[in-house]
>>> print(open('data.txt').read())   # compact mmCIF, N, CA and C atoms
# COMPACT_ATOMS: atom_id res chain seq x y z
N MET A 1 91.79 81.80 114.99
CA MET A 1 91.83 80.55 114.27
C MET A 1 91.48 79.40 115.21
N LYS A 2 91.99 79.48 116.42
CA LYS A 2 91.70 78.42 117.39
C LYS A 2 90.20 78.29 117.62
N GLN A 3 89.55 79.44 117.74
CA GLN A 3 88.10 79.44 117.96
C GLN A 3 87.37 78.78 116.78
N LEU A 4 87.76 79.12 115.57
CA LEU A 4 87.16 78.49 114.38
C LEU A 4 87.39 76.99 114.38
N ARG A 5 88.61 76.61 114.67
CA ARG A 5 88.96 75.19 114.69
C ARG A 5 88.10 74.44 115.69
N GLU A 6 88.00 75.00 116.90
CA GLU A 6 87.23 74.34 117.95
C GLU A 6 85.74 74.32 117.64
N GLN A 7 85.21 75.41 117.05
CA GLN A 7 83.80 75.46 116.68
C GLN A 7 83.44 74.35 115.69
N GLN A 8 84.39 74.04 114.84
CA GLN A 8 84.15 73.02 113.81
C GLN A 8 84.53 71.62 114.29
N GLY A 9 84.97 71.52 115.53
CA GLY A 9 85.27 70.22 116.11
C GLY A 9 86.56 69.58 115.64
N PHE A 10 87.48 70.39 115.13
CA PHE A 10 88.77 69.88 114.68
C PHE A 10 89.75 69.88 115.85
N SER A 11 90.54 68.84 115.95
CA SER A 11 91.71 68.88 116.83
C SER A 11 92.83 69.54 116.03
N ILE A 12 93.90 69.89 116.71
CA ILE A 12 95.04 70.47 115.99
C ILE A 12 95.54 69.48 114.93
N ASN A 13 95.64 68.22 115.30
CA ASN A 13 96.12 67.20 114.36
C ASN A 13 95.19 67.05 113.16
N GLN A 14 93.87 67.10 113.39
CA GLN A 14 92.91 66.96 112.29
C GLN A 14 93.01 68.15 111.32
N LEU A 15 93.11 69.35 111.88
CA LEU A 15 93.24 70.53 111.02
C LEU A 15 94.54 70.47 110.24
N ALA A 16 95.61 70.10 110.91
CA ALA A 16 96.91 70.02 110.23
C ALA A 16 96.84 69.04 109.06
N GLU A 17 96.21 67.90 109.28
CA GLU A 17 96.10 66.91 108.21
C GLU A 17 95.22 67.44 107.07
N ALA A 18 94.09 68.06 107.41
CA ALA A 18 93.18 68.58 106.39
C ALA A 18 93.83 69.71 105.58
N ALA A 19 94.67 70.51 106.25
CA ALA A 19 95.32 71.65 105.58
C ALA A 19 96.63 71.26 104.89
N GLY A 20 97.17 70.10 105.27
CA GLY A 20 98.43 69.69 104.67
C GLY A 20 99.63 70.42 105.23
N ILE A 21 99.54 70.83 106.49
CA ILE A 21 100.67 71.48 107.16
C ILE A 21 100.89 70.77 108.51
N SER A 22 101.99 71.06 109.16
CA SER A 22 102.31 70.34 110.39
C SER A 22 101.45 70.81 111.56
N ASN A 23 101.23 69.88 112.49
CA ASN A 23 100.45 70.24 113.68
C ASN A 23 101.22 71.25 114.54
N SER A 24 102.53 71.19 114.54
CA SER A 24 103.31 72.15 115.32
C SER A 24 103.15 73.56 114.73
N GLN A 25 103.02 73.65 113.42
CA GLN A 25 102.82 74.96 112.80
C GLN A 25 101.45 75.53 113.20
N ILE A 26 100.42 74.69 113.20
CA ILE A 26 99.09 75.13 113.64
C ILE A 26 99.18 75.63 115.09
N SER A 27 99.80 74.86 115.93
CA SER A 27 99.94 75.21 117.34
C SER A 27 100.68 76.53 117.52
N ARG A 28 101.78 76.72 116.78
CA ARG A 28 102.56 77.96 116.90
C ARG A 28 101.76 79.17 116.43
N ILE A 29 100.96 78.99 115.37
CA ILE A 29 100.12 80.09 114.88
C ILE A 29 99.08 80.45 115.93
N GLU A 30 98.40 79.46 116.46
CA GLU A 30 97.34 79.71 117.44
C GLU A 30 97.87 80.33 118.72
N ASN A 31 99.05 79.97 119.12
CA ASN A 31 99.63 80.48 120.37
C ASN A 31 100.44 81.76 120.19
N GLY A 32 100.51 82.26 118.96
CA GLY A 32 101.23 83.49 118.71
C GLY A 32 102.74 83.36 118.75
N VAL A 33 103.23 82.12 118.74
CA VAL A 33 104.67 81.89 118.78
C VAL A 33 105.27 82.16 117.41
N ARG A 34 104.50 81.91 116.38
CA ARG A 34 104.95 82.11 115.01
C ARG A 34 104.38 83.43 114.52
N GLY A 35 105.10 84.10 113.65
CA GLY A 35 104.61 85.34 113.06
C GLY A 35 103.42 85.08 112.16
N VAL A 36 103.01 86.08 111.42
CA VAL A 36 101.87 85.96 110.51
C VAL A 36 102.20 84.93 109.43
N PRO A 37 101.33 83.95 109.25
CA PRO A 37 101.58 82.93 108.23
C PRO A 37 101.57 83.52 106.82
N LYS A 38 102.23 82.84 105.91
CA LYS A 38 102.24 83.26 104.51
C LYS A 38 100.84 83.08 103.93
N PRO A 39 100.48 83.87 102.90
CA PRO A 39 99.16 83.72 102.28
C PRO A 39 98.85 82.28 101.82
N ALA A 40 99.85 81.58 101.34
CA ALA A 40 99.61 80.20 100.89
C ALA A 40 99.18 79.31 102.06
N THR A 41 99.79 79.52 103.22
CA THR A 41 99.42 78.75 104.42
C THR A 41 98.01 79.14 104.86
N ILE A 42 97.71 80.43 104.81
CA ILE A 42 96.38 80.90 105.19
C ILE A 42 95.33 80.28 104.28
N ARG A 43 95.63 80.19 102.98
CA ARG A 43 94.68 79.58 102.03
C ARG A 43 94.43 78.13 102.41
N LYS A 44 95.46 77.39 102.74
CA LYS A 44 95.30 75.98 103.11
C LYS A 44 94.42 75.84 104.34
N ILE A 45 94.65 76.69 105.33
CA ILE A 45 93.85 76.64 106.56
C ILE A 45 92.41 77.04 106.28
N ALA A 46 92.21 78.11 105.50
CA ALA A 46 90.86 78.56 105.15
C ALA A 46 90.09 77.46 104.42
N ASN A 47 90.76 76.82 103.48
CA ASN A 47 90.11 75.73 102.74
C ASN A 47 89.74 74.58 103.67
N ALA A 48 90.64 74.22 104.57
CA ALA A 48 90.39 73.12 105.50
C ALA A 48 89.24 73.45 106.45
N LEU A 49 89.13 74.71 106.86
CA LEU A 49 88.07 75.13 107.78
C LEU A 49 86.80 75.54 107.03
N ALA A 50 86.87 75.56 105.70
CA ALA A 50 85.73 75.96 104.86
C ALA A 50 85.24 77.37 105.23
N VAL A 51 86.20 78.29 105.38
CA VAL A 51 85.87 79.70 105.63
C VAL A 51 86.46 80.53 104.50
N PRO A 52 85.89 81.71 104.23
CA PRO A 52 86.41 82.55 103.15
C PRO A 52 87.88 82.92 103.38
N TYR A 53 88.67 82.74 102.34
CA TYR A 53 90.08 83.10 102.36
C TYR A 53 90.26 84.57 102.72
N SER A 54 89.39 85.43 102.15
CA SER A 54 89.52 86.87 102.40
C SER A 54 89.31 87.19 103.88
N ASP A 55 88.43 86.46 104.56
CA ASP A 55 88.23 86.68 105.99
C ASP A 55 89.50 86.35 106.77
N MET A 56 90.13 85.25 106.41
CA MET A 56 91.37 84.84 107.08
C MET A 56 92.49 85.84 106.78
N MET A 57 92.53 86.34 105.55
CA MET A 57 93.56 87.33 105.19
C MET A 57 93.37 88.63 105.99
N LYS A 58 92.11 89.01 106.23
CA LYS A 58 91.84 90.19 107.06
C LYS A 58 92.33 89.96 108.47
N GLN A 59 92.01 88.78 109.02
CA GLN A 59 92.43 88.46 110.38
C GLN A 59 93.95 88.49 110.51
N ALA A 60 94.63 88.07 109.46
CA ALA A 60 96.09 88.03 109.48
C ALA A 60 96.70 89.41 109.25
N GLY A 61 95.88 90.37 108.81
CA GLY A 61 96.37 91.73 108.59
C GLY A 61 96.84 92.01 107.18
N TYR A 62 96.64 91.06 106.26
CA TYR A 62 97.04 91.30 104.87
C TYR A 62 96.09 92.25 104.16
N ILE A 63 94.82 92.22 104.56
CA ILE A 63 93.81 93.09 103.96
C ILE A 63 93.33 94.03 105.04
N GLU A 64 93.42 95.31 104.76
CA GLU A 64 92.98 96.30 105.72
C GLU A 64 91.48 96.45 105.61
N THR A 65 90.79 96.19 106.69
CA THR A 65 89.33 96.16 106.70
C THR A 65 88.75 97.49 106.25
N GLY A 66 89.30 98.60 106.72
CA GLY A 66 88.75 99.90 106.35
C GLY A 66 88.82 100.15 104.86
N LEU A 67 89.94 99.84 104.25
CA LEU A 67 90.07 100.05 102.81
C LEU A 67 89.17 99.10 102.05
N GLU A 68 89.05 97.88 102.51
CA GLU A 68 88.23 96.89 101.83
C GLU A 68 86.77 97.25 101.95
N ALA A 69 86.36 97.75 103.12
CA ALA A 69 84.95 98.05 103.34
C ALA A 69 84.52 99.33 102.63
N ASN A 70 85.44 100.28 102.48
CA ASN A 70 85.10 101.55 101.86
C ASN A 70 86.26 101.99 100.98
N HIS A 71 86.12 101.72 99.70
CA HIS A 71 87.22 102.00 98.77
C HIS A 71 87.53 103.49 98.64
N GLN A 72 86.63 104.37 99.17
CA GLN A 72 86.89 105.80 99.11
C GLN A 72 87.87 106.24 100.20
N GLU A 73 88.01 105.43 101.24
CA GLU A 73 88.93 105.77 102.33
C GLU A 73 90.36 105.57 101.83
N VAL A 74 91.16 106.58 101.99
CA VAL A 74 92.54 106.49 101.51
C VAL A 74 93.49 106.98 102.60
N PRO A 75 94.72 106.54 102.54
CA PRO A 75 95.70 107.02 103.54
C PRO A 75 95.88 108.53 103.46
N GLU A 76 96.24 109.12 104.61
CA GLU A 76 96.44 110.58 104.70
C GLU A 76 97.45 111.10 103.68
N TRP A 77 98.50 110.33 103.44
CA TRP A 77 99.59 110.80 102.59
C TRP A 77 99.27 110.72 101.10
N ALA A 78 98.14 110.09 100.72
CA ALA A 78 97.82 109.90 99.29
C ALA A 78 97.53 111.24 98.62
N THR A 79 98.15 111.45 97.48
CA THR A 79 97.92 112.68 96.71
C THR A 79 96.71 112.50 95.81
N TYR A 80 96.30 113.57 95.17
CA TYR A 80 95.20 113.51 94.21
C TYR A 80 95.51 112.48 93.12
N LYS A 81 96.74 112.48 92.63
CA LYS A 81 97.14 111.54 91.57
C LYS A 81 97.06 110.09 92.07
N ASP A 82 97.46 109.85 93.32
CA ASP A 82 97.36 108.50 93.90
C ASP A 82 95.91 108.05 93.92
N ARG A 83 95.03 108.93 94.39
CA ARG A 83 93.61 108.57 94.48
C ARG A 83 93.02 108.33 93.09
N ARG A 84 93.43 109.15 92.12
CA ARG A 84 92.94 108.97 90.75
C ARG A 84 93.39 107.63 90.19
N ASP A 85 94.66 107.28 90.40
CA ASP A 85 95.19 106.00 89.91
C ASP A 85 94.46 104.82 90.54
N PHE A 86 94.21 104.93 91.82
CA PHE A 86 93.53 103.85 92.53
C PHE A 86 92.10 103.69 92.02
N LYS A 87 91.40 104.80 91.87
CA LYS A 87 90.02 104.77 91.39
C LYS A 87 89.96 104.15 89.99
N LYS A 88 90.90 104.54 89.14
CA LYS A 88 90.94 103.98 87.79
C LYS A 88 91.17 102.47 87.83
N MET A 89 92.06 102.02 88.70
CA MET A 89 92.34 100.59 88.82
C MET A 89 91.08 99.83 89.23
N LEU A 90 90.33 100.36 90.20
CA LEU A 90 89.14 99.66 90.69
C LEU A 90 87.97 99.70 89.71
N GLU A 91 87.90 100.76 88.92
CA GLU A 91 86.76 100.91 88.02
C GLU A 91 86.97 100.30 86.65
N ASP A 92 88.13 99.72 86.41
CA ASP A 92 88.40 99.09 85.13
C ASP A 92 87.34 98.01 84.87
N ASP A 93 86.59 98.16 83.78
CA ASP A 93 85.47 97.26 83.50
C ASP A 93 85.86 96.01 82.73
N ASP A 94 87.13 95.88 82.37
CA ASP A 94 87.53 94.68 81.66
C ASP A 94 87.28 93.45 82.52
N ASP A 95 86.89 92.34 81.86
CA ASP A 95 86.68 91.10 82.59
C ASP A 95 87.98 90.62 83.19
N LEU A 96 87.93 90.25 84.46
CA LEU A 96 89.08 89.63 85.09
C LEU A 96 89.05 88.16 84.75
N MET A 97 90.19 87.65 84.31
CA MET A 97 90.25 86.25 83.92
C MET A 97 91.45 85.58 84.56
N PHE A 98 91.34 84.29 84.70
CA PHE A 98 92.46 83.49 85.12
C PHE A 98 92.54 82.32 84.17
N ASP A 99 93.67 82.18 83.52
CA ASP A 99 93.89 81.10 82.58
C ASP A 99 92.82 81.08 81.49
N GLY A 100 92.39 82.30 81.06
CA GLY A 100 91.41 82.43 79.98
C GLY A 100 89.97 82.24 80.40
N ILE A 101 89.71 82.02 81.69
CA ILE A 101 88.35 81.79 82.17
C ILE A 101 87.92 83.01 82.99
N PRO A 102 86.77 83.63 82.64
CA PRO A 102 86.30 84.78 83.42
C PRO A 102 86.04 84.38 84.87
N LEU A 103 86.39 85.28 85.80
CA LEU A 103 86.19 85.02 87.22
C LEU A 103 84.79 85.42 87.65
N ASP A 104 84.23 84.72 88.63
CA ASP A 104 82.91 85.09 89.14
C ASP A 104 83.04 86.30 90.07
N GLU A 105 81.91 86.84 90.50
CA GLU A 105 81.92 88.07 91.30
C GLU A 105 82.67 87.91 92.62
N GLU A 106 82.53 86.77 93.29
CA GLU A 106 83.23 86.55 94.57
C GLU A 106 84.73 86.57 94.37
N ASP A 107 85.22 85.90 93.32
CA ASP A 107 86.65 85.89 93.05
C ASP A 107 87.15 87.29 92.69
N LYS A 108 86.35 88.03 91.91
CA LYS A 108 86.74 89.40 91.55
C LYS A 108 86.86 90.26 92.81
N LYS A 109 85.91 90.11 93.74
CA LYS A 109 85.94 90.89 94.97
C LYS A 109 87.18 90.53 95.79
N ARG A 110 87.51 89.26 95.88
CA ARG A 110 88.70 88.85 96.62
C ARG A 110 89.95 89.48 96.02
N ILE A 111 90.04 89.43 94.70
CA ILE A 111 91.21 89.99 94.02
C ILE A 111 91.29 91.50 94.26
N LYS A 112 90.17 92.19 94.15
CA LYS A 112 90.17 93.64 94.38
C LYS A 112 90.54 93.97 95.82
N ASP A 113 90.07 93.15 96.78
CA ASP A 113 90.42 93.38 98.18
C ASP A 113 91.92 93.27 98.40
N VAL A 114 92.51 92.23 97.84
CA VAL A 114 93.96 92.05 97.98
C VAL A 114 94.70 93.16 97.26
N LEU A 115 94.25 93.51 96.06
CA LEU A 115 94.89 94.58 95.29
C LEU A 115 94.82 95.91 96.03
N THR A 116 93.72 96.15 96.74
CA THR A 116 93.58 97.39 97.50
C THR A 116 94.72 97.53 98.50
N GLY A 117 94.90 96.48 99.29
CA GLY A 117 95.98 96.52 100.27
C GLY A 117 97.35 96.65 99.64
N LEU A 118 97.58 95.88 98.59
CA LEU A 118 98.88 95.91 97.92
C LEU A 118 99.14 97.26 97.26
N PHE A 119 98.11 97.86 96.65
CA PHE A 119 98.26 99.14 95.98
C PHE A 119 98.75 100.21 96.96
N TRP A 120 98.04 100.33 98.10
CA TRP A 120 98.42 101.39 99.04
C TRP A 120 99.75 101.10 99.70
N GLU A 121 100.03 99.83 99.93
CA GLU A 121 101.33 99.47 100.51
C GLU A 121 102.47 99.85 99.56
N ALA A 122 102.29 99.53 98.28
CA ALA A 122 103.32 99.85 97.28
C ALA A 122 103.48 101.36 97.14
N LYS A 123 102.37 102.08 97.12
CA LYS A 123 102.45 103.54 97.01
C LYS A 123 103.21 104.13 98.19
N GLN A 124 102.91 103.63 99.39
CA GLN A 124 103.57 104.15 100.58
C GLN A 124 105.07 103.85 100.55
N MET A 125 105.43 102.65 100.15
CA MET A 125 106.86 102.30 100.06
C MET A 125 107.56 103.18 99.04
N ASN A 126 106.91 103.43 97.92
CA ASN A 126 107.47 104.29 96.88
C ASN A 126 107.72 105.70 97.41
N LYS A 127 106.75 106.21 98.15
CA LYS A 127 106.89 107.57 98.70
C LYS A 127 108.04 107.63 99.71
N ARG A 128 108.15 106.59 100.55
CA ARG A 128 109.25 106.56 101.52
C ARG A 128 110.59 106.52 100.80
N LYS A 129 110.65 105.71 99.75
CA LYS A 129 111.88 105.57 98.98
C LYS A 129 112.27 106.90 98.35
N LYS A 130 111.28 107.57 97.74
CA LYS A 130 111.55 108.86 97.10
C LYS A 130 111.95 109.92 98.11
N SER A 131 111.28 109.94 99.27
CA SER A 131 111.63 110.96 100.26
C SER A 131 113.01 110.67 100.86
N GLY A 132 113.36 109.41 100.95
CA GLY A 132 114.69 109.04 101.43
C GLY A 132 115.76 109.48 100.47
N GLU A 133 115.47 109.37 99.16
CA GLU A 133 116.44 109.81 98.15
C GLU A 133 116.59 111.32 98.18
N SER A 134 115.46 112.05 98.33
CA SER A 134 115.57 113.50 98.32
C SER A 134 116.24 114.02 99.59
N ASP A 135 116.08 113.27 100.71
CA ASP A 135 116.74 113.68 101.95
C ASP A 135 118.25 113.57 101.85
N GLN A 136 118.72 112.69 100.97
CA GLN A 136 120.17 112.45 100.87
C GLN A 136 120.85 113.40 99.88
N ARG A 137 120.05 114.13 99.13
CA ARG A 137 120.65 115.06 98.14
C ARG A 137 121.20 116.29 98.85
N PRO A 138 122.30 116.83 98.32
CA PRO A 138 122.90 118.05 98.93
C PRO A 138 122.06 119.28 98.73
>>> encode(input="data.txt", output="structure tokens")
Amino acid sequence: MKQLREQQGFSINQLAEAAGISNSQISRIENGVRGVPKPATIRKIANALAVPYSDMMKQAGYIETGLEANHQEVPEWATYKDRRDFKKMLEDDDDLMFDGIPLDEEDKKRIKDVLTGLFWEAKQMNKRKKSGESDQRP
């Protein structure tokens, strides 16, 4: 983020003002003092720097690059049913809309990228939860 900020000629104070967040928060993010910012904060920074939100989300680790780049790549633990469910979710041809307005292709791609990460994360948590329950049974 620091490199992007400097490339665009922003000072920490200028970026903070443009993004609507504190300069100390920008500084803590850049110096690694603060953990991964929330998606809403990342969106503000991406908008202020005029860079794609999805790129910033990848950098922050919210979107796994491998899954986003190749939707056929799946975690080792995924079952046939998991892969089928995921494929069905991605191939759904219904128009994606927000507030009754169809989304353009870039917005659809962003949503699918985020959904990819969330889908596999949720599946993995579910599997851990289920295996934890079965481990506790007599």
>>> atom_distance(input="data.txt", atom1="atom C of A:Arg5", atom2="atom N of A:Lys38")
19.1 Å
>>> atom_distance(input="data.txt", atom1="atom CA of A:Ile26", atom2="atom CA of A:Leu49")
12.5 Å
>>> atom_distance(input="data.txt", atom1="atom CA of A:Asn31", atom2="atom CA of A:Gly61")
16.6 Å
>>> select_by_dssp(input="data.txt", residues="stretch 4-41 of chain A", states="alpha helix (DSSP H)", output="PyMOL selection string")
chain A and resi 4-7+12-19+23-30+39-41
>>> closest_residue(input="data.txt", among="A:Asn13, A:Met125, A:Tyr53, A:Glu6", to="A:Asp107", atoms="only C-alpha atoms")
A:Tyr53
>>> closest_residue(input="data.txt", among="A:Phe86, A:Pro37, A:Tyr80, A:Asn47", to="A:Ala60", atoms="only C-alpha atoms")
A:Pro37
>>> closest_residue(input="data.txt", among="A:Ser54, A:Gln124, A:Gln14, A:Thr79", to="A:Arg110", atoms="all atoms listed in the file")
A:Ser54
>>> residues_near_point(input="data.txt", point="(97.9, 71.5, 105.0)", cutoff="8 Å", atoms="all atoms listed in the file", output="PyMOL selection string")
chain A and resi 15-22+41+43-45+48
>>> write_last_selection(input="data.txt", atoms="N, CA and C atoms", output="mmCIF file, in the frame of the given file")
data_model
loop_
_atom_site.group_PDB
_atom_site.id
_atom_site.type_symbol
_atom_site.label_atom_id
_atom_site.label_comp_id
_atom_site.auth_asym_id
_atom_site.auth_seq_id
_atom_site.Cartn_x
_atom_site.Cartn_y
_atom_site.Cartn_z
ATOM 1 N N LEU A 15 93.110 69.350 111.880
ATOM 2 C CA LEU A 15 93.240 70.530 111.020
ATOM 3 C C LEU A 15 94.540 70.470 110.240
ATOM 4 N N ALA A 16 95.610 70.100 110.910
ATOM 5 C CA ALA A 16 96.910 70.020 110.230
ATOM 6 C C ALA A 16 96.840 69.040 109.060
ATOM 7 N N GLU A 17 96.210 67.900 109.280
ATOM 8 C CA GLU A 17 96.100 66.910 108.210
ATOM 9 C C GLU A 17 95.220 67.440 107.070
ATOM 10 N N ALA A 18 94.090 68.060 107.410
ATOM 11 C CA ALA A 18 93.180 68.580 106.390
ATOM 12 C C ALA A 18 93.830 69.710 105.580
ATOM 13 N N ALA A 19 94.670 70.510 106.250
ATOM 14 C CA ALA A 19 95.320 71.650 105.580
ATOM 15 C C ALA A 19 96.630 71.260 104.890
ATOM 16 N N GLY A 20 97.170 70.100 105.270
ATOM 17 C CA GLY A 20 98.430 69.690 104.670
ATOM 18 C C GLY A 20 99.630 70.420 105.230
ATOM 19 N N ILE A 21 99.540 70.830 106.490
ATOM 20 C CA ILE A 21 100.670 71.480 107.160
ATOM 21 C C ILE A 21 100.890 70.770 108.510
ATOM 22 N N SER A 22 101.990 71.060 109.160
ATOM 23 C CA SER A 22 102.310 70.340 110.390
ATOM 24 C C SER A 22 101.450 70.810 111.560
ATOM 25 N N THR A 41 99.790 79.520 103.220
ATOM 26 C CA THR A 41 99.420 78.750 104.420
ATOM 27 C C THR A 41 98.010 79.140 104.860
ATOM 28 N N ARG A 43 95.630 80.190 102.980
ATOM 29 C CA ARG A 43 94.680 79.580 102.030
ATOM 30 C C ARG A 43 94.430 78.130 102.410
ATOM 31 N N LYS A 44 95.460 77.390 102.740
ATOM 32 C CA LYS A 44 95.300 75.980 103.110
ATOM 33 C C LYS A 44 94.420 75.840 104.340
ATOM 34 N N ILE A 45 94.650 76.690 105.330
ATOM 35 C CA ILE A 45 93.850 76.640 106.560
ATOM 36 C C ILE A 45 92.410 77.040 106.280
ATOM 37 N N ALA A 48 90.640 74.220 104.570
ATOM 38 C CA ALA A 48 90.390 73.120 105.500
ATOM 39 C C ALA A 48 89.240 73.450 106.450
#
>>> build_atoms(input="data.txt", residues="stretch 110-131 of chain A", atoms="N, CA, C and O atoms", output="CSV table (one decimal), keeping the file's coordinate frame")
chain,number,residue,atom,x,y,z
A,110,ARG,N,87.5,89.3,95.9
A,110,ARG,CA,88.7,88.8,96.6
A,110,ARG,C,90.0,89.5,96.0
A,110,ARG,O,90.8,90.0,96.7
A,111,ILE,N,90.0,89.4,94.7
A,111,ILE,CA,91.2,90.0,94.0
A,111,ILE,C,91.3,91.5,94.3
A,111,ILE,O,92.3,92.0,94.6
A,112,LYS,N,90.2,92.2,94.2
A,112,LYS,CA,90.2,93.6,94.4
A,112,LYS,C,90.5,94.0,95.8
A,112,LYS,O,91.2,94.9,96.1
A,113,ASP,N,90.1,93.2,96.8
A,113,ASP,CA,90.4,93.4,98.2
A,113,ASP,C,91.9,93.3,98.4
A,113,ASP,O,92.5,94.1,99.0
A,114,VAL,N,92.5,92.2,97.8
A,114,VAL,CA,94.0,92.0,98.0
A,114,VAL,C,94.7,93.2,97.3
A,114,VAL,O,95.7,93.7,97.8
A,115,LEU,N,94.2,93.5,96.1
A,115,LEU,CA,94.9,94.6,95.3
A,115,LEU,C,94.8,95.9,96.0
A,115,LEU,O,95.8,96.7,96.0
A,116,THR,N,93.7,96.2,96.7
A,116,THR,CA,93.6,97.4,97.5
A,116,THR,C,94.7,97.5,98.5
A,116,THR,O,95.4,98.5,98.5
A,117,GLY,N,94.9,96.5,99.3
A,117,GLY,CA,96.0,96.5,100.3
A,117,GLY,C,97.4,96.6,99.6
A,117,GLY,O,98.2,97.4,100.1
A,118,LEU,N,97.6,95.9,98.6
A,118,LEU,CA,98.9,95.9,97.9
A,118,LEU,C,99.1,97.3,97.3
A,118,LEU,O,100.3,97.8,97.3
A,119,PHE,N,98.1,97.9,96.6
A,119,PHE,CA,98.3,99.1,96.0
A,119,PHE,C,98.8,100.2,97.0
A,119,PHE,O,99.7,100.9,96.7
A,120,TRP,N,98.0,100.3,98.1
A,120,TRP,CA,98.4,101.4,99.0
A,120,TRP,C,99.8,101.1,99.7
A,120,TRP,O,100.5,102.0,100.0
A,121,GLU,N,100.0,99.8,99.9
A,121,GLU,CA,101.3,99.5,100.5
A,121,GLU,C,102.5,99.8,99.6
A,121,GLU,O,103.5,100.4,100.0
A,122,ALA,N,102.3,99.5,98.3
A,122,ALA,CA,103.3,99.8,97.3
A,122,ALA,C,103.5,101.4,97.1
A,122,ALA,O,104.6,101.9,97.1
A,123,LYS,N,102.4,102.1,97.1
A,123,LYS,CA,102.4,103.5,97.0
A,123,LYS,C,103.2,104.1,98.2
A,123,LYS,O,104.0,105.0,98.0
A,124,GLN,N,102.9,103.6,99.4
A,124,GLN,CA,103.6,104.2,100.6
A,124,GLN,C,105.1,103.8,100.6
A,124,GLN,O,105.9,104.7,100.9
A,125,MET,N,105.4,102.6,100.2
A,125,MET,CA,106.9,102.3,100.1
A,125,MET,C,107.6,103.2,99.0
A,125,MET,O,108.7,103.6,99.3
A,126,ASN,N,106.9,103.4,97.9
A,126,ASN,CA,107.5,104.3,96.9
A,126,ASN,C,107.7,105.7,97.4
A,126,ASN,O,108.7,106.3,97.1
A,127,LYS,N,106.8,106.2,98.2
A,127,LYS,CA,106.9,107.6,98.7
A,127,LYS,C,108.0,107.6,99.7
A,127,LYS,O,108.8,108.6,99.7
A,128,ARG,N,108.2,106.6,100.6
A,128,ARG,CA,109.2,106.6,101.5
A,128,ARG,C,110.6,106.5,100.8
A,128,ARG,O,111.5,107.2,101.2
A,129,LYS,N,110.6,105.7,99.8
A,129,LYS,CA,111.9,105.6,99.0
A,129,LYS,C,112.3,106.9,98.4
A,129,LYS,O,113.4,107.3,98.4
A,130,LYS,N,111.3,107.6,97.7
A,130,LYS,CA,111.6,108.9,97.1
A,130,LYS,C,112.0,109.9,98.1
A,130,LYS,O,112.9,110.7,97.9
A,131,SER,N,111.3,109.9,99.3
A,131,SER,CA,111.6,111.0,100.3
A,131,SER,C,113.0,110.7,100.9
A,131,SER,O,113.7,111.6,101.2
